[in-house]
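With mmCIF, C-alpha atoms inside, this is structure.cif:
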data_protein
#
loop_
_atom_site.label_atom_id
_atom_site.label_comp_id
_atom_site.auth_asym_id
_atom_site.auth_seq_id
_atom_site.Cartn_x
_atom_site.Cartn_y
_atom_site.Cartn_z
CA MET A 1 5.67 22.64 -17.04
CA SER A 2 7.20 19.23 -17.84
CA LEU A 3 7.55 16.61 -15.13
CA PRO A 4 11.02 15.50 -14.00
CA VAL A 5 12.01 12.29 -15.83
CA ALA A 6 13.77 10.96 -12.72
CA PRO A 7 11.46 12.20 -9.97
CA ARG A 8 12.22 12.15 -6.29
CA LEU A 9 9.15 10.50 -4.83
CA LEU A 10 8.75 9.84 -1.11
CA VAL A 11 6.27 7.03 -0.42
CA LEU A 12 4.89 5.27 2.65
CA ASP A 13 2.41 2.60 3.62
CA THR A 14 1.18 1.99 7.17
CA ALA A 15 -1.74 -0.34 6.38
CA THR A 16 -0.10 -3.38 8.00
CA GLU A 17 1.93 -4.18 11.12
CA THR A 18 5.05 -2.87 9.35
CA VAL A 19 5.65 0.66 8.07
CA HIS A 20 7.05 0.42 4.54
CA LEU A 21 8.87 3.44 3.07
CA ALA A 22 10.75 4.30 -0.09
CA LEU A 23 12.38 7.20 -1.86
CA THR A 24 13.02 7.22 -5.59
CA THR A 25 16.08 9.13 -6.77
CA PRO A 26 17.96 9.46 -10.07
CA GLY A 27 20.43 6.93 -8.64
CA GLY A 28 17.84 4.30 -7.70
CA VAL A 29 15.41 3.45 -4.91
CA LEU A 30 16.04 3.58 -1.17
CA ALA A 31 13.61 1.41 0.81
CA ARG A 32 13.07 0.91 4.52
CA ALA A 33 10.80 -1.06 6.83
CA VAL A 34 10.23 -0.05 10.46
CA GLU A 35 7.95 -1.07 13.30
CA GLY A 36 4.31 -0.22 12.65
CA GLY A 37 1.00 -1.27 14.10
CA ALA A 38 0.19 0.71 17.22
CA ARG A 39 3.49 2.61 16.88
CA SER A 40 3.09 3.72 13.26
CA SER A 41 2.10 7.27 14.23
CA VAL A 42 5.33 7.50 16.25
CA THR A 43 7.81 5.78 13.95
CA THR A 44 6.72 6.95 10.49
CA LEU A 45 7.83 10.59 10.36
CA PRO A 46 11.28 10.06 11.94
CA ALA A 47 11.88 7.17 9.52
CA LEU A 48 10.93 9.36 6.55
CA GLN A 49 13.22 12.12 7.78
CA ALA A 50 16.09 9.62 8.07
CA LEU A 51 15.38 8.31 4.56
CA VAL A 52 15.58 11.78 3.02
CA ALA A 53 18.78 12.49 4.97
CA ASP A 54 20.36 9.19 3.90
CA ALA A 55 19.68 10.08 0.28
CA GLY A 56 21.49 13.38 0.75
CA LEU A 57 18.44 15.33 -0.38
CA ALA A 58 16.84 18.51 0.86
CA TRP A 59 13.10 18.40 1.50
CA SER A 60 12.63 21.00 -1.22
CA GLU A 61 13.93 18.46 -3.77
CA ILE A 62 11.03 16.04 -3.18
CA ASP A 63 8.68 16.10 -6.19
CA ALA A 64 5.68 14.31 -4.67
CA VAL A 65 4.59 12.31 -1.63
CA GLY A 66 2.87 8.98 -2.13
CA PHE A 67 0.93 6.90 0.37
CA GLY A 68 -0.76 3.53 0.48
CA ARG A 69 -4.43 4.43 0.72
CA GLY A 70 -5.52 0.96 1.71
CA PRO A 71 -7.41 -1.08 2.40
CA GLY A 72 -5.88 -2.00 5.73
CA ALA A 73 -5.87 -1.17 9.42
CA PHE A 74 -8.11 1.82 10.15
CA THR A 75 -5.64 3.79 12.25
CA GLY A 76 -2.77 2.91 9.91
CA LEU A 77 -4.63 4.29 6.89
CA ARG A 78 -5.42 7.49 8.76
CA THR A 79 -1.78 7.86 9.75
CA ALA A 80 -0.43 7.38 6.21
CA CYS A 81 -2.92 9.83 4.72
CA ALA A 82 -2.33 12.46 7.42
CA VAL A 83 1.46 12.26 7.15
CA ALA A 84 1.37 12.41 3.33
CA GLN A 85 -1.00 15.37 3.38
CA GLY A 86 1.03 17.23 5.97
CA LEU A 87 4.29 16.75 4.10
CA ALA A 88 2.79 17.60 0.71
CA LEU A 89 1.12 20.75 2.03
CA GLY A 90 4.32 21.83 3.76
CA LEU A 91 6.36 21.28 0.62
CA GLY A 92 3.77 22.60 -1.81
CA LYS A 93 3.89 19.30 -3.71
CA PRO A 94 1.22 16.90 -5.01
CA VAL A 95 0.19 13.56 -3.55
CA LEU A 96 0.15 10.09 -5.13
CA ALA A 97 -2.61 7.84 -3.73
CA LEU A 98 -1.44 4.23 -4.17
CA ASP A 99 -3.38 0.97 -3.98
CA THR A 100 -1.97 -0.99 -1.03
CA LEU A 101 -3.15 -4.34 -2.39
CA MET A 102 -1.65 -3.59 -5.80
CA ALA A 103 1.63 -2.96 -4.00
CA VAL A 104 1.35 -6.46 -2.53
CA ALA A 105 0.88 -7.83 -6.07
CA GLU A 106 3.92 -5.90 -7.28
CA SER A 107 5.96 -7.14 -4.33
CA ALA A 108 5.05 -10.76 -5.14
CA CYS A 109 6.23 -10.34 -8.73
CA GLN A 110 9.44 -8.61 -7.67
CA ALA A 111 10.17 -11.57 -5.40
CA SER A 112 9.32 -14.24 -7.98
CA ALA A 113 10.56 -13.94 -11.56
CA ALA A 114 8.58 -17.09 -12.40
CA LEU A 115 5.33 -15.51 -11.22
CA ALA A 116 6.09 -12.32 -13.13
CA ARG A 117 6.74 -14.31 -16.32
CA THR A 118 3.55 -16.31 -15.89
CA LEU A 119 1.43 -13.19 -15.53
CA ALA A 120 3.20 -11.39 -18.38
CA LYS A 121 2.75 -14.33 -20.78
CA ALA A 122 -0.92 -14.75 -19.91
CA PRO A 123 -2.36 -11.24 -19.38
CA ASP A 124 -5.79 -12.65 -18.60
CA THR A 125 -4.44 -14.52 -15.58
CA LEU A 126 -5.59 -12.91 -12.36
CA LEU A 127 -3.41 -12.50 -9.29
CA TRP A 128 -5.62 -12.27 -6.23
CA VAL A 129 -4.25 -10.31 -3.30
CA LEU A 130 -5.58 -11.62 0.00
CA GLN A 131 -4.58 -9.66 3.08
CA ASP A 132 -5.48 -10.60 6.64
CA ALA A 133 -8.19 -8.22 7.84
CA ARG A 134 -8.50 -9.88 11.27
CA MET A 135 -11.91 -10.91 12.65
CA SER A 136 -11.84 -13.97 10.33
CA GLU A 137 -12.06 -11.76 7.24
CA VAL A 138 -9.73 -10.86 4.38
CA TYR A 139 -9.23 -7.90 2.08
CA ALA A 140 -9.44 -9.25 -1.46
CA ALA A 141 -8.76 -7.72 -4.87
CA ALA A 142 -7.67 -9.10 -8.25
CA TYR A 143 -5.11 -7.71 -10.67
CA ARG A 144 -3.74 -8.63 -14.05
CA LEU A 145 -0.38 -7.64 -15.49
CA ASP A 146 -0.82 -6.02 -18.88
CA PRO A 147 2.40 -5.93 -20.97
CA ALA A 148 1.67 -2.37 -22.11
CA GLN A 149 -0.21 -0.83 -19.19
CA GLY A 150 1.32 -2.59 -16.23
CA TRP A 151 -0.99 -3.50 -13.35
CA VAL A 152 -4.71 -3.33 -14.09
CA GLN A 153 -7.32 -3.75 -11.39
CA ALA A 154 -9.71 -6.52 -12.39
CA SER A 155 -11.72 -6.67 -9.16
CA ALA A 156 -11.87 -3.78 -6.69
CA PRO A 157 -10.92 -4.34 -3.04
CA VAL A 158 -13.65 -5.92 -0.94
CA LEU A 159 -13.98 -7.61 2.44
CA TRP A 160 -14.58 -11.37 2.35
CA PRO A 161 -15.53 -13.67 5.22
CA LEU A 162 -13.50 -16.88 5.32
CA ASP A 163 -16.38 -19.02 4.05
CA HIS A 164 -16.57 -16.94 0.90
CA LEU A 165 -12.81 -17.12 0.38
CA ARG A 166 -12.90 -20.88 0.86
CA ALA A 167 -15.67 -21.20 -1.74
CA GLN A 168 -13.79 -19.03 -4.25
CA VAL A 169 -10.71 -21.23 -3.92
CA GLN A 170 -12.67 -24.47 -4.15
CA THR A 171 -14.49 -23.41 -7.31
CA GLY A 172 -11.26 -22.25 -8.94
CA ALA A 173 -12.32 -18.61 -9.11
CA VAL A 174 -9.20 -17.80 -7.08
CA ARG A 175 -6.15 -19.66 -8.40
CA CYS A 176 -3.04 -17.47 -8.06
CA ALA A 177 -2.80 -15.52 -4.83
CA ALA A 178 -0.48 -13.45 -2.67
CA GLY A 179 -0.70 -11.81 0.71
CA SER A 180 -0.73 -12.32 4.45
CA ALA A 181 -4.10 -14.12 4.54
CA LEU A 182 -2.48 -17.20 2.99
CA ALA A 183 -0.42 -17.72 6.13
CA ALA A 184 -3.10 -16.46 8.53
CA TYR A 185 -5.85 -18.74 7.20
CA PRO A 186 -4.19 -21.75 5.53
CA ASP A 187 -7.31 -23.91 5.75
CA ALA A 188 -9.34 -21.38 3.78
CA VAL A 189 -6.89 -21.36 0.87
CA ALA A 190 -6.02 -25.06 0.87
CA GLY A 191 -6.08 -26.35 -2.69
CA LEU A 192 -5.00 -23.20 -4.51
CA ALA A 193 -4.43 -24.34 -8.08
CA GLY A 194 -1.89 -21.68 -9.07
CA ALA A 195 1.18 -19.91 -7.76
CA SER A 196 1.06 -18.29 -4.35
CA ASP A 197 3.18 -16.03 -2.14
CA ALA A 198 2.23 -15.80 1.53
CA GLN A 199 5.14 -13.45 2.30
CA ALA A 200 4.22 -10.62 -0.06
CA GLN A 201 3.68 -7.24 1.60
CA PRO A 202 3.42 -3.62 0.33
CA ARG A 203 7.20 -3.24 0.57
CA GLY A 204 9.09 -0.09 -0.26
CA ASP A 205 10.44 -1.26 -3.61
CA ALA A 206 6.92 -2.18 -4.73
CA LEU A 207 5.51 1.15 -3.56
CA ALA A 208 8.28 2.93 -5.45
CA ALA A 209 7.41 1.07 -8.67
CA LEU A 210 3.73 2.02 -8.36
CA ALA A 211 4.61 5.61 -7.52
CA LEU A 212 6.83 5.95 -10.57
CA ALA A 213 4.10 4.49 -12.79
CA ALA A 214 1.50 6.86 -11.32
CA TRP A 215 3.86 9.81 -11.75
CA SER A 216 4.50 8.94 -15.40
CA ARG A 217 0.72 8.86 -16.02
CA GLY A 218 0.25 12.19 -14.28
CA ASP A 219 -1.92 10.62 -11.56
CA THR A 220 -1.24 13.25 -8.91
CA LEU A 221 -3.68 14.80 -6.46
CA ASP A 222 -3.90 18.01 -4.54
CA ALA A 223 -3.05 17.11 -0.95
CA ALA A 224 -6.47 18.25 0.27
CA LEU A 225 -8.16 15.63 -1.94
CA ALA A 226 -6.21 12.62 -0.63
CA LEU A 227 -8.39 10.06 1.16
CA PRO A 228 -7.88 6.57 2.62
CA LEU A 229 -9.77 3.60 1.15
CA TYR A 230 -11.94 1.90 3.74
CA VAL A 231 -13.78 -1.31 2.86
CA ARG A 232 -14.86 -2.13 6.41
CA ASP A 233 -17.20 0.15 8.29
CA LYS A 234 -15.48 1.21 11.50
CA VAL A 235 -18.24 1.36 14.09
CA ALA A 236 -16.07 2.10 17.11
CA GLN A 237 -12.45 2.75 18.00
CA THR A 238 -10.57 1.85 21.12
CA THR A 239 -9.29 4.65 23.34
CA GLN A 240 -5.76 4.02 22.05
CA GLU A 241 -6.91 4.14 18.40
CA ARG A 242 -8.71 7.46 19.01
CA ARG A 243 -5.59 8.93 20.59
CA GLU A 244 -3.35 7.75 17.73
CA ALA A 245 -5.69 9.01 15.01
CA ALA A 246 -6.08 12.39 16.72
CA SER A 247 -2.32 12.67 17.16
CA ALA A 248 -1.64 11.85 13.50
CA LEU A 249 -4.14 14.40 12.23
CA ALA A 250 -3.45 17.21 14.69
CA ALA A 251 0.33 17.18 15.02
CA PRO A 252 2.15 19.71 12.80
CA VAL A 253 4.53 18.19 10.29
CA ALA A 254 7.90 19.94 10.18
CA VAL A 255 9.42 20.28 6.74
CA GLY A 256 12.66 22.07 6.19
CA GLY A 257 12.45 23.64 9.62
CA VAL A 258 8.91 24.97 9.08
CA ALA A 259 6.07 23.49 11.16
#
Using structure tokens, write down the structure from this file.
Amino acid sequence: MSLPVAPRLLVLDTATETVHLALTTPGGVLARAVEGGARSSVTTLPALQALVADAGLAWSEIDAVGFGRGPGAFTGLRTACAVAQGLALGLGKPVLALDTLMAVAESACQASAALARTLAKAPDTLLWVLQDARMSEVYAAAYRLDPAQGWVQASAPVLWPLDHLRAQVQTGAVRCAAGSALAAYPDAVAGLAGASDAQAQPRGDALAALALAAWSRGDTLDAALALPLYVRDKVAQTTQERREAASALAAPVAVGGVA
């Protein structure tokens, strides 16, 4: 069976302090951002329901559900994966597992035409995504923008201590960068030689672009196979984190009136 050429893809990312959502439709992309962090397990599903309603769609018209698999906040990643799995299973649709840091890279290029042109003209130029991981650490990954393939991962997501980040910047290994760590740890990235964007986040429009690219490649998963991407070993959770994770995984997801 052929795939719809203008798919209706519902996507979400809860890896940061903000819940980013989007819905692709034949008429364009609807994007939203709502409060996340500790409230992501409470705010995400109602916001998705509102997004589908605002688009005038029935749940049965959704072709796939995408989620930012990380890296990012432990509980946030669990929430996104659980919600995406629940919706996809309820709808009988596949899942799209999206790279959260790649979404940050896409967001930076959407916000800066100059950066997008620079990367497109020099495909070997790396854009490093540096997201604040708290505890004086950052999530780091590198991407290049291939004119034919789009985003290509050049260095897989890892966890860097600030001293390592500082050394990578000072030696010129990291030149162009985007992400929240630039604002969180300005001393560690002082002296960046290339373009930077400290405001880039995995926003809805960026998630939508990655979802459409994944859909066109046929990169769909059975909902049961969807997993978050953790790059930090979580040794212990707080009581609140355990409650939120249990709630996200155990609560039934209502789709089209069926729980």
So that each row is one residue of stretch 96-163 of chain A with an atom at most 7 Å from stretch 184-208 of chain A, can you give its shortest atom pair and the distance in Å to one decimal, using all atoms listed in the file, rows by chain and rising number, as a Markdown table?
| residue | atom | partner | partner_atom | distance |
| --- | --- | --- | --- | --- |
| A:Thr100 | CA | A:Pro202 | CA | 6.1 |
| A:Ala103 | CA | A:Pro202 | CA | 4.7 |
| A:Val104 | CA | A:Pro202 | CA | 4.5 |
| A:Glu106 | CA | A:Ala206 | CA | 5.4 |
| A:Ser107 | CA | A:Ala206 | CA | 5.1 |
| A:Ala108 | CA | A:Ala200 | CA | 5.1 |
| A:Leu115 | CA | A:Ala195 | CA | 7.0 |
| A:Asp132 | CA | A:Ala184 | CA | 6.6 |
| A:Leu162 | CA | A:Ala188 | CA | 6.3 |
Exercise. Do you have the atom CA of A:Gly92-atom CA of A:Val34 distance handy?
Worked result: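 Computing it gives 26.6 Å between the two atoms.
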For this session: Could you tell me which of A:Ala116, A:Ala209, A:Leu126, A:Leu98 comes closest to A:Gly70 if we count only C-alpha atoms?
Result: A:Leu98
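Taken over the whole file, the PyMOL selection byres ((chain A and resi 211) around 9) covers exactly Leu9, Leu10, Val11, Thr24, Val65, Gly66, Phe67, Leu96, Ala97, Leu98, Ala206, Leu207, Ala208, Ala209, Leu210, Leu212, Ala213, Ala214, Trp215 and Ser216 of chain A.
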Okay, now the selection with C-alpha atoms, as a PDB file, in the coordinates of the input?
ATOM      1  CA  LEU A   9       9.150  10.500  -4.830  1.00  0.00           C
ATOM      2  CA  LEU A  10       8.750   9.840  -1.110  1.00  0.00           C
ATOM      3  CA  VAL A  11       6.270   7.030  -0.420  1.00  0.00           C
ATOM      4  CA  THR A  24      13.020   7.220  -5.590  1.00  0.00           C
ATOM      5  CA  VAL A  65       4.590  12.310  -1.630  1.00  0.00           C
ATOM      6  CA  GLY A  66       2.870   8.980  -2.130  1.00  0.00           C
ATOM      7  CA  PHE A  67       0.930   6.900   0.370  1.00  0.00           C
ATOM      8  CA  LEU A  96       0.150  10.090  -5.130  1.00  0.00           C
ATOM      9  CA  ALA A  97      -2.610   7.840  -3.730  1.00  0.00           C
ATOM     10  CA  LEU A  98      -1.440   4.230  -4.170  1.00  0.00           C
ATOM     11  CA  ALA A 206       6.920  -2.180  -4.730  1.00  0.00           C
ATOM     12  CA  LEU A 207       5.510   1.150  -3.560  1.00  0.00           C
ATOM     13  CA  ALA A 208       8.280   2.930  -5.450  1.00  0.00           C
ATOM     14  CA  ALA A 209       7.410   1.070  -8.670  1.00  0.00           C
ATOM     15  CA  LEU A 210       3.730   2.020  -8.360  1.00  0.00           C
ATOM     16  CA  LEU A 212       6.830   5.950 -10.570  1.00  0.00           C
ATOM     17  CA  ALA A 213       4.100   4.490 -12.790  1.00  0.00           C
ATOM     18  CA  ALA A 214       1.500   6.860 -11.320  1.00  0.00           C
ATOM     19  CA  TRP A 215       3.860   9.810 -11.750  1.00  0.00           C
ATOM     20  CA  SER A 216       4.500   8.940 -15.400  1.00  0.00           C
TER      21      SER A 216
END
For this session: Between A:Ala177, A:Leu182, A:Ala53, A:Val231, single out the one closest to A:Thr125, counting only C-alpha atoms.
Result: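 Selected residue with least distance to A:Thr125: A:Ala177.
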Contacts of A:Ala156 within 9 Å, all atoms listed in the file, excl. fewer than 2 positions in-chain, as an mmCIF file with C-alpha atoms, in the coordinates of the input:
data_model
loop_
_atom_site.group_PDB
_atom_site.id
_atom_site.type_symbol
_atom_site.label_atom_id
_atom_site.label_comp_id
_atom_site.auth_asym_id
_atom_site.auth_seq_id
_atom_site.Cartn_x
_atom_site.Cartn_y
_atom_site.Cartn_z
ATOM 1 C CA ALA A 140 -9.440 -9.250 -1.460
ATOM 2 C CA ALA A 141 -8.760 -7.720 -4.870
ATOM 3 C CA ALA A 142 -7.670 -9.100 -8.250
ATOM 4 C CA TYR A 143 -5.110 -7.710 -10.670
ATOM 5 C CA GLN A 153 -7.320 -3.750 -11.390
ATOM 6 C CA ALA A 154 -9.710 -6.520 -12.390
ATOM 7 C CA VAL A 158 -13.650 -5.920 -0.940
#
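Closest to A:Leu229 among A:Gly76, A:Pro161, A:Pro123, A:Pro147 is A:Gly76, based on only C-alpha atoms.
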The PyMOL selection byres ((chain A and resi 43) around 12) applied to the shown file, residues as a short mmCIF file (atom, residue, chain, number, x, y, z; two decimals) with C-alpha atoms, in the coordinates of the input:
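What ended up in selection_25.cif:
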data_model
loop_
_atom_site.label_atom_id
_atom_site.label_comp_id
_atom_site.auth_asym_id
_atom_site.auth_seq_id
_atom_site.Cartn_x
_atom_site.Cartn_y
_atom_site.Cartn_z
CA LEU A 12 4.89 5.27 2.65
CA THR A 14 1.18 1.99 7.17
CA GLU A 17 1.93 -4.18 11.12
CA THR A 18 5.05 -2.87 9.35
CA VAL A 19 5.65 0.66 8.07
CA HIS A 20 7.05 0.42 4.54
CA LEU A 21 8.87 3.44 3.07
CA ARG A 32 13.07 0.91 4.52
CA ALA A 33 10.80 -1.06 6.83
CA VAL A 34 10.23 -0.05 10.46
CA GLU A 35 7.95 -1.07 13.30
CA GLY A 36 4.31 -0.22 12.65
CA GLY A 37 1.00 -1.27 14.10
CA ALA A 38 0.19 0.71 17.22
CA ARG A 39 3.49 2.61 16.88
CA SER A 40 3.09 3.72 13.26
CA SER A 41 2.10 7.27 14.23
CA VAL A 42 5.33 7.50 16.25
CA THR A 44 6.72 6.95 10.49
CA LEU A 45 7.83 10.59 10.36
CA PRO A 46 11.28 10.06 11.94
CA ALA A 47 11.88 7.17 9.52
CA LEU A 48 10.93 9.36 6.55
CA GLN A 49 13.22 12.12 7.78
CA ALA A 50 16.09 9.62 8.07
CA GLY A 76 -2.77 2.91 9.91
CA THR A 79 -1.78 7.86 9.75
CA ALA A 80 -0.43 7.38 6.21
CA VAL A 83 1.46 12.26 7.15
CA GLU A 244 -3.35 7.75 17.73
CA ALA A 248 -1.64 11.85 13.50
#
Exercise. Quick one, how far is atom CA of A:Gly179 from atom CA of A:Gly150?
Worked result: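 Atom CA of A:Gly150 lies 19.4 Å from atom CA of A:Gly179.
Take atom CA of A:Ala111 and atom CA of A:Gly27: the distance between them is 21.4 Å.
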Problem set entry | Closest of A:Asp54, A:Asp233, A:Asp63, A:Asp124 to A:Cys176 - atom-to-atom distances counting only C-alpha atoms | A:Asp124
Problem set entry | Contact residues around A:Gln131 with all atoms listed in the file at 6 Å, ignoring same-chain residues under 6 positions, as an NGL selection string | :A and (138-139 or 179-181)
